[in-house]
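Peer 1: Below is input.txt; it holds compact mmCIF, C-alpha atoms.
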# COMPACT_ATOMS: atom_id res chain seq x y z
CA MET A 20 0.00 0.00 0.00
CA ASN A 21 2.03 3.66 -0.94
CA LYS A 22 0.77 3.91 2.07
CA LEU A 23 -0.24 0.61 0.12
CA ARG A 24 3.26 2.01 -0.05
CA MET A 25 4.98 -1.40 -0.83
CA ALA A 26 3.64 -3.61 -0.16
CA SER A 27 3.34 -3.01 -1.31
CA LEU A 28 3.06 -5.06 -0.37
CA SER A 29 -4.02 -13.70 -0.93
CA PHE A 30 -14.02 -18.29 -2.42
CA ILE A 31 -16.70 -17.53 -1.98
CA ALA A 32 -18.71 -17.64 1.17
CA ILE A 33 -21.79 -15.70 1.96
CA VAL A 34 -21.58 -13.46 4.93
CA THR A 35 -23.04 -15.80 7.52
CA GLY A 36 -22.62 -16.54 11.21
CA THR A 37 -20.51 -13.89 12.84
CA LEU A 38 -20.01 -12.05 9.55
CA VAL A 39 -23.72 -11.51 9.02
CA ALA A 40 -24.82 -10.24 12.37
CA CYS A 41 -27.07 -7.42 13.37
CA SER A 42 -24.44 -5.27 15.00
CA GLN A 43 -22.58 -2.05 14.39
CA GLY A 44 -18.86 -1.45 13.98
CA PRO A 45 -16.44 -0.31 16.66
CA SER A 46 -17.59 3.28 16.64
CA ASN A 47 -19.17 5.84 18.91
CA ASP A 48 -21.88 6.18 16.30
CA LYS A 49 -23.74 3.03 17.25
CA ASP A 50 -26.21 3.30 14.40
CA LYS A 51 -23.65 3.75 11.64
CA ALA A 52 -23.88 0.31 10.04
CA ALA A 53 -26.40 -1.48 12.23
CA PRO A 54 -29.17 -3.30 10.36
CA ASP A 55 -32.41 -1.35 10.31
CA ALA A 56 -35.49 -3.40 11.21
CA SER A 57 -37.48 -1.31 8.73
CA VAL A 58 -35.21 -2.41 5.89
CA PRO A 59 -35.84 -5.95 4.62
CA LYS A 60 -32.58 -7.88 4.76
CA ALA A 61 -31.54 -9.18 1.38
CA ASN A 62 -30.83 -12.83 0.87
CA SER A 63 -27.27 -12.66 -0.38
CA THR A 64 -27.51 -16.20 -1.75
CA ASP A 65 -30.33 -15.13 -4.06
CA TYR A 66 -28.85 -12.74 -6.57
CA LYS A 67 -31.42 -11.82 -9.20
CA GLY A 68 -29.63 -8.99 -10.93
CA GLY A 69 -29.10 -10.91 -14.14
CA ALA A 70 -26.03 -11.04 -16.35
CA ALA A 71 -23.45 -8.39 -15.51
CA GLU A 72 -19.92 -7.57 -16.57
CA LEU A 73 -18.17 -5.35 -14.06
CA LEU A 74 -15.22 -3.24 -15.11
CA VAL A 75 -12.76 -3.12 -12.21
CA LEU A 76 -9.97 -0.57 -11.90
CA ASP A 77 -7.05 -1.16 -9.52
CA VAL A 78 -5.57 2.23 -8.71
CA ASN A 79 -2.85 1.29 -6.23
CA THR A 80 -3.63 -1.81 -4.17
CA GLY A 81 -1.04 -3.95 -5.94
CA THR A 82 -3.56 -6.64 -6.85
CA THR A 83 -1.89 -8.72 -9.55
CA ASP A 84 -3.77 -10.32 -12.43
CA GLU A 85 -3.25 -13.72 -10.80
CA GLN A 86 -4.63 -12.49 -7.47
CA PHE A 87 -7.55 -10.83 -9.23
CA GLN A 88 -8.49 -14.14 -10.80
CA LYS A 89 -8.02 -16.12 -7.60
CA PHE A 90 -9.64 -13.82 -5.06
CA PHE A 91 -12.15 -11.87 -7.11
CA VAL A 92 -13.16 -13.65 -10.31
CA GLU A 93 -13.17 -17.31 -9.30
CA PRO A 94 -15.14 -17.11 -6.03
CA VAL A 95 -17.77 -14.83 -7.54
CA LYS A 96 -18.05 -16.94 -10.68
CA ALA A 97 -18.48 -20.11 -8.60
CA LYS A 98 -21.53 -18.67 -6.86
CA HIS A 99 -22.92 -16.37 -9.54
CA PRO A 100 -21.94 -17.55 -13.05
CA GLN A 101 -23.81 -14.64 -14.57
CA ILE A 102 -21.43 -12.09 -12.97
CA ASN A 103 -18.23 -11.44 -14.89
CA LEU A 104 -15.34 -9.30 -13.69
CA LYS A 105 -12.89 -7.58 -16.03
CA LYS A 106 -9.79 -5.80 -14.75
CA THR A 107 -8.84 -2.75 -16.78
CA VAL A 108 -5.34 -1.41 -17.32
CA ASP A 109 -6.53 2.09 -18.28
CA THR A 110 -6.32 5.04 -15.91
CA LEU A 111 -9.39 6.57 -14.31
CA ASP A 112 -9.00 9.76 -16.37
CA LYS A 113 -8.88 7.77 -19.60
CA LEU A 114 -11.91 5.70 -18.64
CA LEU A 115 -13.95 8.76 -17.72
CA ALA A 116 -12.95 10.58 -20.90
CA ALA A 117 -14.09 7.56 -22.93
CA GLY A 118 -17.40 7.38 -21.10
CA THR A 119 -16.59 3.93 -19.69
CA ALA A 120 -16.37 4.61 -15.97
CA PRO A 121 -15.38 1.56 -13.88
CA ASP A 122 -18.07 -0.25 -11.91
CA MET A 123 -15.65 -0.88 -9.07
CA VAL A 124 -12.38 0.71 -8.01
CA LEU A 125 -9.71 -0.85 -5.78
CA VAL A 126 -7.84 1.88 -3.95
CA SER A 127 -5.75 2.46 -0.83
CA ASN A 128 -7.26 4.35 2.07
CA ALA A 129 -4.69 7.09 1.51
CA SER A 130 -5.95 7.62 -2.05
CA LEU A 131 -9.69 7.45 -1.48
CA ALA A 132 -9.80 11.26 -1.57
CA THR A 133 -8.93 11.09 -5.27
CA MET A 134 -11.98 8.92 -5.91
CA LEU A 135 -14.18 11.30 -3.94
CA GLU A 136 -12.94 14.23 -6.01
CA ALA A 137 -14.01 12.28 -9.10
CA ASP A 138 -17.43 11.70 -7.48
CA ILE A 139 -17.14 7.92 -7.87
CA PRO A 140 -17.82 6.17 -4.51
CA GLU A 141 -21.26 5.11 -3.38
CA ASP A 142 -22.03 5.48 0.32
CA LEU A 143 -22.44 1.83 1.33
CA THR A 144 -24.06 2.48 4.70
CA GLN A 145 -27.44 1.30 3.42
CA MET A 146 -25.90 -1.68 1.66
CA PHE A 147 -24.21 -2.73 4.91
CA LYS A 148 -27.57 -2.54 6.70
CA THR A 149 -29.47 -4.36 4.00
CA TYR A 150 -27.01 -7.24 3.79
CA GLY A 151 -26.25 -7.32 7.52
CA VAL A 152 -22.53 -6.74 7.05
CA ASN A 153 -21.02 -6.98 10.51
CA THR A 154 -18.40 -4.25 10.63
CA ALA A 155 -17.67 -5.16 14.26
CA GLN A 156 -15.48 -7.89 12.81
CA LEU A 157 -13.18 -5.34 11.18
CA GLU A 158 -9.88 -4.32 12.73
CA PRO A 159 -11.03 -1.30 14.80
CA ALA A 160 -8.39 1.04 13.39
CA VAL A 161 -9.52 0.16 9.87
CA PHE A 162 -13.19 0.84 10.54
CA GLN A 163 -12.43 4.06 12.40
CA GLN A 164 -10.34 5.30 9.50
CA LEU A 165 -13.06 4.33 7.03
CA GLN A 166 -15.54 6.39 9.02
CA LYS A 167 -13.08 9.28 9.18
CA LEU A 168 -12.70 9.21 5.41
CA GLY A 169 -16.46 9.65 5.19
CA ASP A 170 -16.55 12.45 7.78
CA GLN A 171 -18.42 10.07 10.10
CA LYS A 172 -21.40 10.33 7.74
CA ALA A 173 -20.68 7.77 5.02
CA LEU A 174 -18.89 4.49 4.34
CA TYR A 175 -17.28 4.90 0.93
CA GLY A 176 -16.26 1.31 0.27
CA LEU A 177 -15.47 -2.01 1.88
CA PRO A 178 -11.94 -2.76 3.16
CA PHE A 179 -10.74 -6.13 1.90
CA TYR A 180 -7.14 -6.45 3.08
CA MET A 181 -4.72 -4.45 5.18
CA ASN A 182 -1.04 -4.05 5.84
CA TYR A 183 0.62 -4.10 9.24
CA GLY A 184 3.80 -2.64 10.64
CA ILE A 185 6.55 -5.02 11.71
CA MET A 186 10.28 -5.05 12.38
CA VAL A 187 12.73 -7.72 11.28
CA HIS A 188 16.15 -8.11 12.87
CA ASN A 189 19.32 -10.02 11.99
CA ARG A 190 20.23 -12.13 15.03
CA ASP A 191 23.61 -13.03 13.61
CA ILE A 192 24.66 -9.38 13.97
CA PHE A 193 23.34 -9.22 17.53
CA ASP A 194 25.25 -12.40 18.37
CA LYS A 195 28.41 -11.13 16.69
CA PHE A 196 28.54 -8.06 18.92
CA GLY A 197 27.07 -9.64 22.06
CA VAL A 198 23.97 -7.45 22.10
CA PRO A 199 20.65 -8.85 23.46
CA TYR A 200 17.93 -9.36 20.86
CA PRO A 201 15.22 -6.66 20.65
CA LYS A 202 12.11 -7.05 22.78
CA ASP A 203 8.79 -7.86 21.15
CA VAL A 204 7.57 -4.33 21.86
CA MET A 205 9.92 -1.34 21.91
CA THR A 206 9.81 2.43 21.84
CA TYR A 207 11.80 4.48 19.34
CA GLU A 208 14.08 5.54 22.18
CA GLU A 209 14.91 1.90 22.93
CA LEU A 210 15.39 1.25 19.23
CA LEU A 211 17.77 4.21 19.03
CA GLU A 212 19.96 2.83 21.82
CA LEU A 213 20.15 -0.57 20.14
CA GLY A 214 20.97 1.11 16.86
CA LYS A 215 23.90 2.90 18.46
CA LYS A 216 25.36 -0.36 19.75
CA LEU A 217 25.13 -2.07 16.38
CA THR A 218 26.28 0.68 14.03
CA ARG A 219 30.00 -0.05 13.79
CA SER A 220 32.82 -1.26 11.60
CA ASP A 221 34.31 -4.71 12.08
CA GLY A 222 36.92 -6.43 9.93
CA GLY A 223 36.49 -3.89 7.17
CA THR A 224 32.70 -4.33 7.10
CA ASN A 225 30.41 -1.44 8.04
CA TYR A 226 27.24 -2.41 9.91
CA ILE A 227 24.13 -0.26 10.26
CA GLY A 228 22.15 -0.76 13.46
CA VAL A 229 18.76 0.32 12.14
CA MET A 230 17.23 2.17 9.22
CA PRO A 231 14.37 4.22 10.70
CA PRO A 232 11.20 5.08 8.78
CA ASP A 233 11.33 8.23 6.66
CA LEU A 234 10.05 11.55 8.00
CA ARG A 235 6.74 11.24 6.17
CA GLN A 236 6.01 7.88 7.78
CA MET A 237 7.05 9.07 11.22
CA TYR A 238 4.65 12.02 10.91
CA TRP A 239 1.89 9.65 9.86
CA GLN A 240 2.52 7.37 12.83
CA TYR A 241 2.49 10.30 15.25
CA GLY A 242 -0.67 11.72 13.71
CA VAL A 243 0.95 14.94 12.51
CA PRO A 244 -0.64 16.50 9.38
CA VAL A 245 1.36 18.48 6.83
CA PHE A 246 -1.56 20.62 5.67
CA ASP A 247 -3.92 22.77 7.72
CA LYS A 248 -7.35 22.57 6.10
CA THR A 249 -8.69 25.41 8.24
CA LYS A 250 -6.01 27.83 7.09
CA GLY A 251 -5.64 26.33 3.64
CA LYS A 252 -1.86 26.24 3.99
CA SER A 253 0.91 23.73 4.57
CA SER A 254 1.71 23.16 8.23
CA LEU A 255 5.24 22.03 9.02
CA THR A 256 6.53 24.21 11.87
CA SER A 257 4.55 23.19 14.95
CA ASP A 258 6.27 21.85 18.07
CA ARG A 259 5.09 18.35 17.12
CA HIS A 260 6.69 18.58 13.68
CA VAL A 261 9.97 19.63 15.26
CA GLN A 262 9.70 16.93 17.94
CA VAL A 263 9.32 14.10 15.43
CA PHE A 264 12.02 15.47 13.14
CA SER A 265 14.39 15.81 16.11
CA LEU A 266 13.87 12.16 16.99
CA LEU A 267 14.58 11.09 13.43
CA LYS A 268 17.73 13.18 13.39
CA GLN A 269 19.09 11.22 16.36
CA PHE A 270 19.08 8.07 14.22
CA TYR A 271 20.91 9.81 11.39
CA SER A 272 23.39 11.27 13.88
CA ILE A 273 24.63 7.86 15.07
CA PRO A 274 28.37 7.77 14.25
CA GLY A 275 28.81 5.65 11.14
CA TYR A 276 25.25 6.01 9.85
CA LEU A 277 26.07 8.63 7.24
CA ASP A 278 28.40 7.39 4.52
CA ASN A 279 30.26 10.20 2.74
CA GLY A 280 27.15 12.36 2.63
CA LYS A 281 24.85 9.46 1.82
CA HIS A 282 22.00 9.61 4.34
CA SER A 283 19.73 6.87 3.06
CA HIS A 284 20.41 3.16 2.81
CA SER A 285 19.09 0.44 0.55
CA VAL A 286 16.99 -2.38 1.97
CA ASP A 287 19.56 -4.66 0.34
CA LEU A 288 21.77 -4.02 3.38
CA PHE A 289 19.38 -6.12 5.43
CA PHE A 290 17.98 -8.66 2.97
CA LYS A 291 20.91 -9.23 0.63
CA GLU A 292 24.15 -8.08 2.24
CA GLN A 293 23.19 -8.80 5.87
CA ARG A 294 24.85 -5.63 7.13
CA MET A 295 21.79 -4.04 8.73
CA ALA A 296 20.66 -5.24 12.15
CA MET A 297 17.06 -3.96 12.28
CA TYR A 298 14.56 -2.80 9.70
CA PRO A 299 10.95 -1.65 10.40
CA ASN A 300 8.49 -1.63 7.51
CA TRP A 301 5.34 -3.37 6.28
CA VAL A 302 4.82 -7.08 6.87
CA ALA A 303 3.84 -7.60 3.22
CA ALA A 304 6.93 -5.74 2.03
CA MET A 305 9.18 -8.14 3.94
CA VAL A 306 7.80 -11.08 1.96
CA THR A 307 8.59 -9.25 -1.27
CA PHE A 308 12.10 -8.28 -0.16
CA PHE A 309 13.02 -11.80 0.98
CA ASP A 310 11.59 -13.38 -2.16
CA ARG A 311 13.54 -10.95 -4.33
CA ALA A 312 16.80 -11.44 -2.44
CA GLY A 313 16.35 -15.20 -2.03
CA THR A 314 17.94 -15.05 1.44
CA LYS A 315 15.20 -16.07 3.85
CA ASP A 316 17.26 -19.09 4.92
CA ALA A 317 20.68 -17.45 4.54
CA PHE A 318 20.92 -15.99 8.04
CA ASN A 319 19.24 -16.07 11.44
CA TRP A 320 16.51 -13.44 11.51
CA ASN A 321 13.28 -12.91 13.41
CA VAL A 322 10.39 -10.55 14.00
CA THR A 323 9.16 -8.03 16.58
CA ALA A 324 6.36 -5.49 16.64
CA HIS A 325 6.89 -2.17 14.90
CA PRO A 326 8.40 0.44 17.30
CA SER A 327 6.14 2.99 18.99
CA TYR A 328 6.54 6.51 20.31
CA SER A 329 7.14 6.67 24.05
CA ASP A 330 4.07 8.88 24.53
CA LYS A 331 1.95 6.70 22.21
CA GLN A 332 2.95 3.25 23.33
CA GLY A 333 0.95 0.37 21.91
CA LEU A 334 0.49 2.15 18.58
CA GLY A 335 2.66 0.95 15.71
CA LYS A 336 2.87 1.86 12.05
CA GLU A 337 0.02 3.87 10.55
CA VAL A 338 -3.17 2.11 9.47
CA ASP A 339 -3.08 1.07 5.82
CA PHE A 340 -5.66 -0.93 3.89
CA ALA A 341 -7.23 -1.54 0.51
CA ILE A 342 -10.82 -0.57 -0.23
CA ALA A 343 -13.25 -1.86 -2.83
CA VAL A 344 -15.32 1.10 -4.02
CA VAL A 345 -18.62 0.81 -5.86
CA ASN A 346 -19.38 3.41 -8.52
CA LYS A 347 -22.58 5.10 -7.39
CA SER A 348 -23.55 5.60 -11.05
CA GLY A 349 -22.72 2.05 -12.07
CA LYS A 350 -25.21 -0.05 -13.99
CA TYR A 351 -24.51 -3.26 -12.06
CA ARG A 352 -24.42 -2.15 -8.43
CA GLU A 353 -26.29 -5.21 -7.14
CA ALA A 354 -23.70 -7.44 -8.77
CA ALA A 355 -20.96 -5.30 -7.26
CA TYR A 356 -22.47 -5.90 -3.81
CA GLN A 357 -22.04 -9.64 -4.33
CA VAL A 358 -18.35 -9.08 -5.04
CA LEU A 359 -18.03 -7.14 -1.78
CA LEU A 360 -19.77 -9.87 0.20
CA SER A 361 -17.41 -12.42 -1.31
CA LEU A 362 -14.32 -10.37 -0.42
CA TYR A 363 -15.55 -10.00 3.16
CA SER A 364 -16.23 -13.71 3.68
CA GLN A 365 -14.07 -15.70 6.09
CA GLU A 366 -12.99 -18.11 3.33
CA VAL A 367 -11.67 -15.41 1.02
CA GLN A 368 -10.17 -13.46 3.91
CA THR A 369 -8.36 -16.61 5.03
CA LYS A 370 -6.97 -17.18 1.55
CA PHE A 371 -5.86 -13.55 1.38
CA SER A 372 -4.06 -14.03 4.68
CA LYS A 373 -2.31 -17.22 3.59
CA ALA A 374 -1.10 -15.48 0.46
CA GLY A 375 0.47 -12.63 2.42
CA ARG A 376 -2.39 -10.16 2.22
CA LEU A 377 -3.39 -9.61 5.84
CA SER A 378 -7.10 -9.93 6.57
CA VAL A 379 -9.06 -6.87 7.65
CA LEU A 380 -10.94 -9.11 10.07
CA LYS A 381 -9.70 -9.10 13.64
CA ASN A 382 -9.76 -12.88 13.76
CA ASP A 383 -6.97 -14.78 15.52
CA GLU A 384 -7.50 -17.95 13.48
CA ILE A 385 -7.15 -16.08 10.21
CA ARG A 386 -4.12 -14.18 11.48
CA LYS A 387 -2.38 -17.39 12.50
CA VAL A 388 -2.23 -18.56 8.90
CA TYR A 389 -0.74 -15.32 7.58
CA GLY A 390 1.92 -15.88 4.92
CA GLU A 391 1.61 -19.69 4.94
CA ASP A 392 1.71 -19.90 1.15
CA SER A 393 5.10 -18.18 0.94
CA SER A 394 6.74 -19.91 3.95
CA VAL A 395 8.84 -16.77 4.55
CA TYR A 396 7.60 -16.42 8.12
CA LYS A 397 7.58 -20.11 8.97
CA GLY A 398 8.96 -20.59 12.48
CA LYS A 399 9.24 -16.84 13.09
CA ASN A 400 7.78 -14.81 15.93
CA LEU A 401 5.17 -13.37 13.58
CA GLN A 402 2.36 -12.97 16.09
CA SER A 403 4.44 -10.41 17.98
CA MET A 404 3.42 -7.78 15.45
CA PHE A 405 -0.12 -7.83 16.82
CA LYS A 406 1.11 -6.69 20.24
CA VAL A 407 0.72 -3.13 18.97
CA SER A 408 -2.21 -1.65 17.04
CA PRO A 409 -2.13 0.46 13.88
CA SER A 410 -1.84 4.21 14.50
CA PRO A 411 -4.67 6.44 13.29
CA LEU A 412 -3.74 8.64 10.36
CA PRO A 413 -3.77 12.43 10.55
CA ASP A 414 -6.03 14.50 8.32
CA SER A 415 -4.85 14.48 4.74
CA SER A 416 -5.24 16.65 1.66
CA LYS A 417 -4.63 16.49 -2.07
CA TYR A 418 -1.42 18.47 -1.49
CA ASP A 419 0.11 15.87 0.84
CA PRO A 420 2.01 13.76 -1.73
CA LYS A 421 3.99 16.73 -3.06
CA ILE A 422 4.58 18.19 0.41
CA ASN A 423 5.78 14.82 1.68
CA ALA A 424 8.09 14.40 -1.31
CA LEU A 425 9.61 17.77 -0.43
CA LEU A 426 10.08 16.68 3.19
CA ILE A 427 11.70 13.28 2.66
CA GLY A 428 13.89 14.58 -0.14
CA GLU A 429 15.16 18.14 0.02
CA VAL A 430 14.34 18.91 3.66
CA VAL A 431 15.82 15.80 5.23
CA LYS A 432 18.97 16.13 3.15
CA SER A 433 19.40 19.77 4.15
CA VAL A 434 19.31 18.84 7.84
CA MET A 435 21.14 15.52 7.85
CA VAL A 436 23.84 16.25 5.28
CA ASP A 437 24.10 20.03 5.05
CA GLY A 438 23.62 20.70 8.76
CA THR A 439 20.67 23.09 8.46
CA ASP A 440 18.84 23.78 11.71
CA ILE A 441 15.55 21.81 11.88
CA ASN A 442 13.40 24.87 12.62
CA THR A 443 14.95 26.76 9.73
CA ALA A 444 14.58 23.83 7.34
CA LEU A 445 10.93 23.34 8.21
CA ARG A 446 10.17 27.05 7.99
CA ASN A 447 11.77 27.21 4.54
CA ALA A 448 9.89 24.10 3.46
CA GLU A 449 6.57 25.50 4.66
CA ASP A 450 7.14 28.70 2.68
CA LYS A 451 8.16 26.76 -0.41
CA ALA A 452 5.17 24.41 -0.16
CA ASN A 453 2.74 27.32 0.13
CA LYS A 454 4.27 29.12 -2.84
CA GLU A 455 4.91 26.21 -5.19
CA ILE A 456 2.43 23.50 -4.21
CA VAL A 457 -0.65 24.99 -2.53
CA ILE A 458 -1.22 28.31 -4.31
CA PRO A 459 -0.65 27.08 -7.90
Written as structure tokens, that's how I'd like the structure from this file.

Peer 2:
Amino acid sequence: MNKLRMASLSFIAIVTGTLVACSQGPSNDKDKAAPDASVPKANSTDYKGGAAELLVLDVNTGTTDEQFQKFFVEPVKAKHPQINLKKTVDTLDKLLAAGTAPDMVLVSNASLATMLEADIPEDLTQMFKTYGVNTAQLEPAVFQQLQKLGDQKALYGLPFYMNYGIMVHNRDIFDKFGVPYPKDVMTYEELLELGKKLTRSDGGTNYIGVMPPDLRQMYWQYGVPVFDKTKGKSSLTSDRHVQVFSLLKQFYSIPGYLDNGKHSHSVDLFFKEQRMAMYPNWVAAMVTFFDRAGTKDAFNWNVTAHPSYSDKQGLGKEVDFAIAVVNKSGKYREAAYQVLLSLYSQEVQTKFSKAGRLSVLKNDEIRKVYGEDSSVYKGKNLQSMFKVSPSPLPDSSKYDPKINALLIGEVVKSVMVDGTDINTALRNAEDKANKEIVIP
């Protein structure tokens, strides 16, 4: 996920039992998705919408053609032969210009705003009530973020898989230098101290203790926005912005971390070269990195939860998930609902989980089988990642991608390499963002 960041990076069952229950999601608004007695509940096994071919656009969820066939097409076709799904390779702009708007869109939570600007998503609140979709089964952070994206008034899609923060560590490096392995749950301050002990040179080999997340991700995890919607301007100079940046700088300031002005490191240092001791990122990304490097059995590594802030303990990497959006103007909306029900079923969610796409259902049995198909995490302390919960995301805007690119590129370099004062760098960045990104 983007934020489906890497991930970026697995059939059918009708929503029955606990998945079709008359209950609301984990929200203060207890009537948000609760079934309404005045609304006749549809029989999801009795689709009478007729033949339908749904055009499906994947914006940025990383759903491959093989996964689309396995987790979308096949389970729906097995239950409803008259429903066909076709995945398009065209962009949304091209489809709209041609008058062939997609019936469904697969998009990350971070990019839903783009779909709203295009006036695509249907509010599925009524659909959830009619079909008895039990949102209480969703990971709470996912449902809360979904509500937030709809301003607590609408549910613009159905989450179908999520990502989760995790940290892998190379135990051979810890053993080499006689340093105790990291705890299952750690703060950034504890991670920093471990990083200091393991960033060193030995026998002509330079070791990096830890590569921290980039500034953008650390702001996300702390809930710090980069745009003030009230003022209509970028916001980069608050005490919280400085606080997070100052913490990040401590990682970069570890003697030996910078390499002749180079302030960023490749993930190959951990997965291929085995010169990095700890690396926090997405659980799905780790599968991709190990598969690409072919080194999952080449050294002794294991897993802990993603690090947390000391004043936000128990909250790990920011919430990140994929959403299936129904076009409110689509011709085959009833057929699209059947696709959603299929995606939300325990059987499909279990298969997603086995394939390395973490289920959005907070279900221990489904979580236990995560990644089984790849075997990357076999024998590893994988369940430790669930000892922290996803962090809520701050408010976002359409300007965020460009502002964040400015931050993690030019601004970080100016501080870490050129020695610019953090307050000065952020003030300059805020001015530049307002002049070159917001106003134009």

Peer 1: How would you write as a ChimeraX atom specification the residues that get within 7 Å of (-0.6, -11.7, 3.4) in the file's frame, counting all atoms listed in the file?

Peer 2: /A:29,303,371-377,389-390

Peer 1: Got a sec: who's within 7 Å of range 178-190 of chain A, counting only C-alpha atoms, leaving out chain neighbours fewer than 6 positions off, as a PyMOL selection string?

Peer 2: chain A and resi 200+296-303+319-325+335-336+339-343+362-363+376-379+404

Peer 1: Go through A:Tyr66, A:Phe309, A:Leu234, A:Val434 one by one, measure the shortest atom-to-atom distance of each to Lys98 in chain A using only C-alpha atoms, and give the residue with the smallest value.

Peer 2: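 For Lys98 in chain A, the nearest of the given residues is A:Tyr66.
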
Peer 1: Kindly give the distance, in Å, that separates CA of Ser433 in chain A and CA of Pro411 in chain A, rounded to a single decimal.

Peer 2: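 Distance reported for this atom pair: 29.0 Å.
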
Peer 1: What's the separation between CA of Met230 in chain A and CA of Lys281 in chain A, in Å to one decimal place?

Peer 2: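 CA of Met230 in chain A sits 12.9 Å away from CA of Lys281 in chain A.
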
Peer 1: Considering only C-alpha atoms, return as a list in words whatever protein or nucleic-acid residues lie within 7 Å of Ile422 in chain A, sequence-local ones (same chain, fewer than 4 positions apart) excluded.

Peer 2: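 What passes the distance filter is Tyr418, Leu426 and Ala452 of chain A.
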
Peer 1: Write out, as a CSV table (one decimal), in the frame of the given file, the residues just selected, with C-alpha atoms.

Peer 2:
chain,number,residue,atom,x,y,z
A,418,TYR,CA,-1.4,18.5,-1.5
A,426,LEU,CA,10.1,16.7,3.2
A,452,ALA,CA,5.2,24.4,-0.2

Peer 1: Would you kindly return, as a PyMOL selection string, each protein, DNA or RNA residue with an atom no farther than 6 Å from any atom of Ile385 in chain A, considering only C-alpha atoms and excluding same-chain residues fewer than 3 positions away?

Peer 2: chain A and resi 369+382+388
